[in-house]
Amino acid sequence: MSQTENIFSLVKKNNLVNATASYYWLSELYNNLPFDKQNDRIQLNTGKMIANGIFYYKDDYPDSHVLDDANFLLNYSNPEFLYIHTMNIDDNGHKHGSDSLTYHAKVLAVDSYLADYLPQWLEQGYQIIITADHGMDFRGNHGGTTADVREVPLYIFSNKVDKRKYSTPVSQLMIAPLVCYLLDIKPGEKMKRLELEGIKNTSEDD
């Protein structure tokens with residue numbers, strides 16, 4: 001289990017509510033190890049590092065269901081921080097490669113699901129970050145050094161970031177301090193200083 005200060009622990013430290021709809025790894029990393037699917041799948045008001053979570057354990061658990069789970073958590077616990085982790089795009093990329101019709105269909109499906117939920121969440125006052133931890137090559141692999149597996153989009157829906165297209169690469173190490181910035185909480189001591197084009201109202205002490 002994680003022994004390092006992280007976004008979930010920082011949210012809890014600042015007396016804010018967190019939640020996640022994600023793969024069971026998150027439960028093992030922050031709440032319970034090993035994952036017990038009979039008892040750990042749904043965790044509400046736990047008092048643990050992740051206060052509210054719905055965790056799936058099948059790689060093909062539909063992305064639509066993950067987003068439905070997330071929407072339930074949003075309405076149930078009104079979290080200041082909600083983390084959503086879908087798996088179908090990755091799963092189909094490994095099985096069929098990034099050039100396959102199946103892979104592209106899963107991408108378009110998630111795009112459609114987000115089109116339903118994003119307007120609602122934005123209207124409720126949420127700021128939203130959409131990105132990925134990696135890409136995929138045509139053979140269904142990632143972890144290498146080529147652009148197709150290392151470069152992924154980063155979308156930020158927030159009035160604290162100027163709304164325009166940016167071409168400067170952003171390190172994934174900026175994601176955690178970016179979340180802290182959007183939540184108005186102090187980042188962890190081991191997190192990198194936020195360096196991101198378009199952010200507003202930052203100071204040397206942020």
# chains A, B, ... in the order shown; residues from 1 in each chain; ligands from 1

$ residues_around --residues "Thr102 of chain A" --least-positions-apart "3" --cutoff "7 Å" --atoms "only C-alpha atoms" --output "number ranges by chain"
A: 92, 105-106

$ write_last_selection --atoms "N, CA, C and O atoms" --output "mmCIF file, in the first residue's frame"
data_model
loop_
_atom_site.group_PDB
_atom_site.id
_atom_site.type_symbol
_atom_site.label_atom_id
_atom_site.label_comp_id
_atom_site.auth_asym_id
_atom_site.auth_seq_id
_atom_site.Cartn_x
_atom_site.Cartn_y
_atom_site.Cartn_z
ATOM 1 N N ASN A 92 -8.839 -3.239 -24.875
ATOM 2 C CA ASN A 92 -8.981 -3.539 -26.302
ATOM 3 C C ASN A 92 -7.734 -3.175 -27.097
ATOM 4 O O ASN A 92 -7.446 -3.799 -28.116
ATOM 5 N N ALA A 105 -13.449 2.093 -31.764
ATOM 6 C CA ALA A 105 -14.848 2.073 -31.336
ATOM 7 C C ALA A 105 -14.961 2.345 -29.838
ATOM 8 O O ALA A 105 -15.879 3.053 -29.394
ATOM 9 N N LYS A 106 -14.028 1.805 -29.062
ATOM 10 C CA LYS A 106 -14.057 2.031 -27.620
ATOM 11 C C LYS A 106 -13.741 3.498 -27.293
ATOM 12 O O LYS A 106 -14.321 4.069 -26.360
#

$ atom_distance --atom1 "atom CA of Thr146 of chain A" --atom2 "atom CA of Ser2 of chain A"
29.3 Å

$ atom_distance --atom1 "atom CA of Asp68 of chain A" --atom2 "atom CA of Met136 of chain A"
25.7 Å

$ residues_around --residues "Val152 of chain A" --least-positions-apart "6" --cutoff "7 Å" --atoms "only C-alpha atoms" --output "PyMOL selection string"
chain A and resi 131-132+134-135

$ select_by_dssp --residues "segment 5-149 of chain A" --states "strand (DSSP E)" --output "NGL selection string"
:A and (18-23 or 42-43 or 52-56 or 81-84 or 128-130)
